[in-house]
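This report refers to the structure that appears directly beneath it.
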Amino acid sequence: MATKKRVPDPVDAYLAKLTNPAARKTLGALRMQLRKLLPGATESISYQMPTFKVDGNAVAGFAFFKTHCGYYPFSGGVVPVLKAELEGYVTSKSGVTFPPDEPLPAKLVKRLVQVRLAEIATKAKKPAAAKKKALITDRVTDAAVKEATGRDWKAWMRVLDKAGATELSHKQLVAHLAQEVESSWWQQSISVAYEQARGKRVVGETAATGFQVGVVRTLPMTAAELWAWITTQPERWLGTALKLEPGTEYEVPKRRGAPAVRGKVRVVKPGNRIRMTWQPDGWKKPATLQFALVPKPRGVSLTVHMENLPDAEAREAMRERWSKVLSTLAKT
């Protein structure tokens, strides 16, 4: 009678392939702790890393990347909640990185799991119909806008009210902000946030650039490393090879239900910015796609911004697309 061949456990295989002994030991111990904290969870490989899921929801994952380990709660809301407890660690909204020979304290891992489980439970209680389309002030934190511009959202609302901004056109409002805010992306974002807050603009739409969307992620790498990734591996974020020089045209073939896309590179500022057009099949006019890199004390901030999108549906599709790209990059 033939015996059934045992299928290797994917997480066992992942750990066995690690050539760094400290990383193998640390992540093996982390796995054991997660098993105790999540006794009913299933273990699998998701996004190329060991992942613990509860009722289909990813709760925790871990990985090793050349020089450091990472812990990922599969949510952008967990790390900000534990900001004080994570002081001293390199973090992004999606996870925490740490040296292979310095494991995360068991108490901290427990808190990361607890916050993620509480988040899942809270979302499960909300009916789908109650979900709102997020305003810019919902998507971009007070800390982020204050770090970049010197004021949080409430302060900007007060200052603009005092300046009589409710009577300004969108173009005039942007020009007013340009006197104090250098970044054009932040000029537009603050303008739209103000117009949304004062009922002058629907979510995601501006007078000058139609529907727009921005996705921001701070990554634990240098600006040079990030620029190298963008310029040498365009297949991973664009879907095709691309020579990043002004005037270069590109075309991404249709695949997996996604339409073909064509466009042209407009601006390339090495180490800082790329601006190009983006026009999928079915869009009457091209949108503008921009990548901007800003060095930070603990890494580099990458903003992917699109404007002149045809409608709200396209805006949400692009938000989802670029969020996935940045999540993938964060795990590279």
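Chain labels A, B, ... are given in the sequence in which chains occur in the structure tokens; within each chain residues are numbered consecutively from 1, and ligands are likewise numbered from 1 in the order shown.
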Picked from region 104-306 of chain A by DSSP as strand (DSSP E or B), as a PyMOL selection string | chain A and resi 205-206+210-219+249-252+255+258+261-269+273-280+287-296+299-306
Got a sec: who's within 12 Å of Ala143 (chain A), counting only C-alpha atoms, leaving out chain neighbours fewer than 3 positions off, as a PDB file with N, CA, C and O atoms, in the first residue's frame?
ATOM      1  N   PRO A  80       0.618  53.024  14.713  1.00  0.00           N
ATOM      2  CA  PRO A  80       0.372  54.364  15.272  1.00  0.00           C
ATOM      3  C   PRO A  80      -0.224  54.335  16.679  1.00  0.00           C
ATOM      4  O   PRO A  80       0.091  55.185  17.500  1.00  0.00           O
ATOM      5  N   LYS A  83       2.545  53.895  19.305  1.00  0.00           N
ATOM      6  CA  LYS A  83       3.694  54.757  19.029  1.00  0.00           C
ATOM      7  C   LYS A  83       4.613  54.909  20.240  1.00  0.00           C
ATOM      8  O   LYS A  83       5.841  54.793  20.138  1.00  0.00           O
ATOM      9  N   THR A 137      -8.209  64.550   5.620  1.00  0.00           N
ATOM     10  CA  THR A 137      -7.850  64.653   7.038  1.00  0.00           C
ATOM     11  C   THR A 137      -8.000  63.327   7.769  1.00  0.00           C
ATOM     12  O   THR A 137      -7.447  63.152   8.851  1.00  0.00           O
ATOM     13  N   ARG A 139      -7.171  60.410   6.144  1.00  0.00           N
ATOM     14  CA  ARG A 139      -6.111  59.564   5.597  1.00  0.00           C
ATOM     15  C   ARG A 139      -4.713  60.028   5.992  1.00  0.00           C
ATOM     16  O   ARG A 139      -3.793  59.222   6.073  1.00  0.00           O
ATOM     17  N   VAL A 140      -4.543  61.328   6.173  1.00  0.00           N
ATOM     18  CA  VAL A 140      -3.227  61.882   6.518  1.00  0.00           C
ATOM     19  C   VAL A 140      -3.275  62.369   7.962  1.00  0.00           C
ATOM     20  O   VAL A 140      -4.111  63.205   8.319  1.00  0.00           O
ATOM     21  N   LYS A 146       1.823  68.098  10.323  1.00  0.00           N
ATOM     22  CA  LYS A 146       2.587  69.017  11.154  1.00  0.00           C
ATOM     23  C   LYS A 146       4.080  68.893  10.893  1.00  0.00           C
ATOM     24  O   LYS A 146       4.802  69.894  10.835  1.00  0.00           O
ATOM     25  N   GLU A 147       4.551  67.657  10.725  1.00  0.00           N
ATOM     26  CA  GLU A 147       5.980  67.439  10.453  1.00  0.00           C
ATOM     27  C   GLU A 147       6.381  68.095   9.138  1.00  0.00           C
ATOM     28  O   GLU A 147       7.463  68.673   9.014  1.00  0.00           O
ATOM     29  N   ALA A 148       5.484  68.017   8.139  1.00  0.00           N
ATOM     30  CA  ALA A 148       5.819  68.523   6.809  1.00  0.00           C
ATOM     31  C   ALA A 148       5.604  70.020   6.661  1.00  0.00           C
ATOM     32  O   ALA A 148       6.309  70.681   5.893  1.00  0.00           O
ATOM     33  N   THR A 149       4.623  70.577   7.399  1.00  0.00           N
ATOM     34  CA  THR A 149       4.244  71.971   7.163  1.00  0.00           C
ATOM     35  C   THR A 149       4.288  72.869   8.387  1.00  0.00           C
ATOM     36  O   THR A 149       4.112  74.085   8.270  1.00  0.00           O
ATOM     37  N   GLY A 150       4.472  72.279   9.576  1.00  0.00           N
ATOM     38  CA  GLY A 150       4.551  73.091  10.784  1.00  0.00           C
ATOM     39  C   GLY A 150       3.237  73.271  11.514  1.00  0.00           C
ATOM     40  O   GLY A 150       3.204  73.824  12.617  1.00  0.00           O
ATOM     41  N   ARG A 151       2.111  72.816  10.924  1.00  0.00           N
ATOM     42  CA  ARG A 151       0.799  72.930  11.581  1.00  0.00           C
ATOM     43  C   ARG A 151       0.023  71.627  11.408  1.00  0.00           C
ATOM     44  O   ARG A 151       0.140  70.962  10.386  1.00  0.00           O
ATOM     45  N   ASP A 152      -0.809  71.290  12.414  1.00  0.00           N
ATOM     46  CA  ASP A 152      -1.697  70.147  12.241  1.00  0.00           C
ATOM     47  C   ASP A 152      -2.957  70.617  11.521  1.00  0.00           C
ATOM     48  O   ASP A 152      -3.096  71.796  11.166  1.00  0.00           O
ATOM     49  N   TRP A 153      -3.914  69.709  11.294  1.00  0.00           N
ATOM     50  CA  TRP A 153      -5.100  70.057  10.500  1.00  0.00           C
ATOM     51  C   TRP A 153      -5.941  71.161  11.142  1.00  0.00           C
ATOM     52  O   TRP A 153      -6.384  72.100  10.470  1.00  0.00           O
ATOM     53  N   LYS A 154      -6.170  71.074  12.443  1.00  0.00           N
ATOM     54  CA  LYS A 154      -6.997  72.094  13.109  1.00  0.00           C
ATOM     55  C   LYS A 154      -6.360  73.475  12.996  1.00  0.00           C
ATOM     56  O   LYS A 154      -7.055  74.483  12.782  1.00  0.00           O
TER      57      LYS A 154
END
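In this structure, CA of Val79 (chain A) sits 7.0 Å away from CA of Ser94 (chain A).
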List the neighbours of Trp237 (chain A) out to 9 Å using only C-alpha atoms; skip same-chain residues closer than 5 positions along the sequence, and give me the result as a ChimeraX atom specification.
-> /A:230,322,325-326
Name all residues at most 8 Å from region 252-265 of chain A (count only C-alpha atoms; drop same-chain ones fewer than 2 positions away) and give them as JSON, numbers by chain.
-> {"A": [238, 239, 240, 244, 245, 246, 247, 248, 249, 250, 267, 268, 274, 275, 276, 277, 278, 279, 280, 281, 286]}
Using only C-alpha atoms, which residues sit within 7 Å of Pro10 (chain A) once same-chain residues fewer than 2 positions away are excluded, as a list in words?
->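 Skipping anything fewer than 2 positions along the chain leaves Pro8, Asp12, Ala13, Tyr14, Ser44 and Ile45 of chain A.
Among the candidate residues A:Leu104, A:Ala84, A:Leu329, A:Leu27, the one lying nearest to Gln233 (chain A) is A:Leu329, with distances computed using only C-alpha atoms.
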To one decimal place, how far is CA of Glu182 (chain A) from CA of Pro297 (chain A) in Å?
->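 Going from CA of Glu182 (chain A) over to CA of Pro297 (chain A) covers 19.4 Å.
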